[in-house]
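Below you'll find the structure, written out as structure tokens, and then a few comments.
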Amino acid sequence: MTGRGRGSDRGEDAAIGVSERSLFAAPATIPLPSPLVAAPETRSLQAGGQAPAPAPAAGRIARVRRQIGLVSLPRLRHGVTRAAELELDRGIAFLLVPVCLAVGAIAYFSLASEPDFAKPVAVVVLMAVCAFVSRSWPKTHLCLMAVLLCALGLLAAKVETWRAGTRMLGSEISTQLTGRVVSIEEMESGRIRLTMDVISTARPKLRYAPERVRLSARKIPPGMTAGSLITGYAKLLPPTGPVRPDSYDFSFDSYFAGIGGSGFFLGNPTVVSADDGEMPLSARLFSGIENAREAIADHIRGSVGGAEGEIAAALIVGVRAGIPDEINEAMRRTGIYHIISISGLHMALVAGTIMGLLRGAFALFPDFSARRPVKKYAAAAALFSIAAYLIISGVVVAAERSFIMLAVMLIAVFFDRAALTMRNLGISAIAVILVSPHEVVGPSFQMSFAATAALVGAYAGWADHRAGKTRPPPPKRSLPGFLTRKFLLATGGLAMTSIIAGSATALFAIWHFQRVSPLSLFANLAVMPIVSVVMFLAVASALLMPFGLDWPALYLMGKGLTAMIAVSAWISERSPVDGVGLISQQSVLLVTVALVIATMATTWLRLAALPFALAGLLTVSHTRAPDVLISEDARLVALPIGNGELAVNRERPNEFATDNWKRALISETIVKPEMFDTTDRQFDVASPTDLPPGSPFYCREGLCLARHPSGAIIAYVEDRKTTWKACAFADLIIVNDATAYDACHNPLVLVVTKRQLARKGSAAVFFNPQSATTRAAIAFAVDGPYRPWHEQRKFSREARGLPPYKKPDKPDNKPVQ
């Protein structure tokens, strides 16, 4: 259904503007003036009842001053009331439903301790009763409904947490594992990653075994497929926490993904003969889908080959573990990594390609097209296509969310409603929040919905603006002029899309990943036409694959991906900035409020977004970078020593952790420790104060020393017996020993033990450069009472203050924790 915008078209030749706001607006309303401008009747009185003459240019400032002077508090209040009423008539109350639900979900995951079911249920019931009773008072009713929706969001998050109930491995252990393969992924390193449902464990038998684990292996038997029953001796590791405070929590993600542990096979797993009839129906169905995905991925890799084949497999079936790391990094630096993850872009291209092909085919039969709703037929085929695409891509969260959004839009076509509206986006957001509330706090949900809301809001505002203007018919142009105009319009539209989406998601990307892509606009302008052609070829290859005629499409798809890789690599080499450091959580919240107001408001009330956006930008840097970062296993310590250098205490540090720390601390170079043996006299533990500020780690006999630019001395010891050596001079001591304690008994020396880190996660230390008599402050990643996704931390040997587990001489079947 199409409708006029808020401004009516004037003139016979004026184009009709379509405003998505009008689809759910109240009957025509008189345009609402801003209270900052004097009303017409006021201006008439000022002129003595006569129409005021145009003010000269020199008198404009005086006129503005007079108009501002006419603004009073009652007039402003009246203007706000009228604007709010118009916003309600246009449906903003419904648009705020997912916002309130998201606020409730975020509040639940931000709680310091886990609430029981009684409290959120009681709040929901109480708010429902109050909202029902207050129906006669509209303003009170709206406020209570907002609180009720927030409580429902909190309750939905609590229900999801209870429903997940994932068993998490508490401690590192090696055991004989037997399980059923859920999925198989070939990694870029050459290893094979297996997701398995655990059936049994032995030698030792685990009393609290996880239900699903993710393991890697060097090789797998040729006949192994999804659904195979396999066994092998494996080393299991508990899910890890954040690599630093306020970073991404991997145990949180594992809990809601149902993954209770990870690790690797100590040997090669073997297939156990078993009757497939013993498998549950759901397992057989999922195994069949997974085997089909793997077969398609192998076919694509064999046809395209190289890195292009891996990317093609990722675009079609969502298998992206084999993409080389350098290509992944180049796409991240250029801001086009969203191309790899199956999301709204891919779903929209698939749906658009199917609809375009079918409508073009129907156009060949004009008699049929004139009598039948061929647009709805095409929309139904597109809906079926993206549903198949969702299944074959592995039903990942991003693809699931994108499917819901597009499904709502395509279903809207069935009922003759506009597809791309903020209301449909709100429906899809409600569905996602109610099904997976934990996604609200993740980067994928936040960035995708922020970008989509910004684009839909900008499109609606532009449509409203154009609807109120009379446009003469376009002049006749030659073919070159026509093509040039179309090219410029397409380029401008793509540039504006990239700018709007990039601006809406920039702060979220910095908050979650501490990186920006300053050349993303140019990269998207250069790559998106190629990606559009590649996705068209991907759809064509999928349609032709059952007939064995897909090789031309796959060949051309590989050539397009070669061009895309070359463009991203060229732009990545010239990208001036990558890591930008930490930003404050307050700024992200303020900008989020500004984004909600700017995208949902339709009147001058959208100006209320400006102070929030300005406050958010001004508070971006209101956070202090840590002086020292410590990993949760107490093995890795890092501190910035100036000149973009990050000193670490290990010669082979964990690459993932150091990459994250480099971006957070805006460092470019890793400085490895200098090692000294027992006979070398160049390093003397007795005189550590001689180290100049900004010294990297110097290590000898299980003791490493470094000096922060502030002058604070950091000591890292492997054994608790060595701790006392550093008590006399160190400001911070990290002890890689779970049996250690604070041997210094000095209130000015901060001692961090392996047991503390095992219980509370990674740590960030802050020195006080203005006071040498103040102990360093420390913040842990998992400080406070445990939530369900952290309960397993208390059961590790390190958390209980026990030494590392030693394998007994003779294995037994005694159950262990």
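Simple scheme: letters A, B, ... for chains in structure tokens order, numbers from 1 for residues in each chain, numbers from 1 for ligands in the order shown.
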Gly190 in chain A: which residues within 12 Å, counting only C-alpha atoms, same-chain residues fewer than 6 positions away excluded, as a ChimeraX atom specification?
-> /A:216-220,321-324
Write a file of the selected residues as a PDB file, in the first residue's frame, keeping N, CA and C atoms.
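Dumped to out_11.pdb:
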ATOM      1  N   SER A 216      39.334 -29.660  18.629  1.00  0.00           N
ATOM      2  CA  SER A 216      40.057 -29.658  17.364  1.00  0.00           C
ATOM      3  C   SER A 216      40.891 -30.925  17.265  1.00  0.00           C
ATOM      4  N   ALA A 217      41.178 -31.343  16.044  1.00  0.00           N
ATOM      5  CA  ALA A 217      41.965 -32.547  15.798  1.00  0.00           C
ATOM      6  C   ALA A 217      42.868 -32.309  14.601  1.00  0.00           C
ATOM      7  N   ARG A 218      44.012 -33.008  14.603  1.00  0.00           N
ATOM      8  CA  ARG A 218      44.924 -32.895  13.457  1.00  0.00           C
ATOM      9  C   ARG A 218      44.341 -33.570  12.224  1.00  0.00           C
ATOM     10  N   LYS A 219      43.759 -34.745  12.414  1.00  0.00           N
ATOM     11  CA  LYS A 219      43.169 -35.500  11.314  1.00  0.00           C
ATOM     12  C   LYS A 219      41.882 -36.148  11.789  1.00  0.00           C
ATOM     13  N   ILE A 220      41.021 -36.448  10.839  1.00  0.00           N
ATOM     14  CA  ILE A 220      39.799 -37.188  11.144  1.00  0.00           C
ATOM     15  C   ILE A 220      39.703 -38.351  10.166  1.00  0.00           C
ATOM     16  N   ALA A 321      35.548 -20.865   8.532  1.00  0.00           N
ATOM     17  CA  ALA A 321      36.721 -21.133   9.368  1.00  0.00           C
ATOM     18  C   ALA A 321      37.991 -21.237   8.551  1.00  0.00           C
ATOM     19  N   GLY A 322      37.887 -21.531   7.250  1.00  0.00           N
ATOM     20  CA  GLY A 322      39.081 -21.730   6.446  1.00  0.00           C
ATOM     21  C   GLY A 322      39.599 -20.495   5.747  1.00  0.00           C
ATOM     22  N   ILE A 323      38.995 -19.330   5.952  1.00  0.00           N
ATOM     23  CA  ILE A 323      39.465 -18.100   5.302  1.00  0.00           C
ATOM     24  C   ILE A 323      40.798 -17.693   5.918  1.00  0.00           C
ATOM     25  N   PRO A 324      41.816 -17.411   5.114  1.00  0.00           N
ATOM     26  CA  PRO A 324      43.129 -17.035   5.668  1.00  0.00           C
ATOM     27  C   PRO A 324      43.041 -15.822   6.584  1.00  0.00           C
TER      28      PRO A 324
END
Skip range 300-317 of chain A itself and residues of its chain fewer than 5 positions away, then list as a PyMOL selection string all residues within 7 Å of it, counting only C-alpha atoms.
-> chain A and resi 293+322-324+340+342+392-393+538+551+554-555+558+561-562
Output file for the selection above: N, CA and C atoms, as a compact mmCIF listing (two decimals), in the first residue's frame:
# COMPACT_ATOMS: atom_id res chain seq x y z
N ARG A 293 25.48 -29.25 3.90
CA ARG A 293 26.29 -28.03 3.90
C ARG A 293 27.75 -28.34 3.60
N GLY A 322 37.89 -21.53 7.25
CA GLY A 322 39.08 -21.73 6.45
C GLY A 322 39.60 -20.50 5.75
N ILE A 323 38.99 -19.33 5.95
CA ILE A 323 39.46 -18.10 5.30
C ILE A 323 40.80 -17.69 5.92
N PRO A 324 41.82 -17.41 5.11
CA PRO A 324 43.13 -17.04 5.67
C PRO A 324 43.04 -15.82 6.58
N ILE A 340 31.42 -11.03 4.84
CA ILE A 340 31.66 -12.45 5.08
C ILE A 340 30.55 -13.05 5.93
N ILE A 342 27.03 -13.91 7.03
CA ILE A 342 25.71 -13.94 6.40
C ILE A 342 24.74 -13.16 7.28
N ILE A 392 20.47 -23.61 5.13
CA ILE A 392 21.71 -24.13 4.56
C ILE A 392 22.92 -23.37 5.08
N SER A 393 22.73 -22.16 5.62
CA SER A 393 23.84 -21.40 6.17
C SER A 393 24.14 -21.73 7.62
N ALA A 538 26.10 -16.20 -6.91
CA ALA A 538 25.90 -17.22 -5.89
C ALA A 538 24.49 -17.81 -5.95
N TRP A 551 29.13 -24.53 -12.86
CA TRP A 551 30.55 -24.17 -12.98
C TRP A 551 30.77 -22.80 -13.60
N LEU A 554 30.14 -20.28 -10.74
CA LEU A 554 31.19 -20.35 -9.72
C LEU A 554 32.51 -19.81 -10.23
N TYR A 555 32.81 -20.03 -11.50
CA TYR A 555 34.05 -19.49 -12.07
C TYR A 555 34.05 -17.97 -12.04
N GLY A 558 34.38 -16.67 -8.51
CA GLY A 558 35.76 -16.67 -8.05
C GLY A 558 36.54 -15.48 -8.56
N LEU A 561 35.52 -12.46 -6.55
CA LEU A 561 36.11 -12.49 -5.21
C LEU A 561 37.60 -12.17 -5.26
N THR A 562 38.27 -12.56 -6.34
CA THR A 562 39.68 -12.17 -6.50
C THR A 562 39.83 -10.66 -6.54
Per DSSP on the backbone, filter range 428-639 of chain A down to the residues in helix (DSSP H, G or I) and report them as a PyMOL selection string.
-> chain A and resi 428-435+437-441+443-467+479-513+520-547+551-573+585-600+604-618
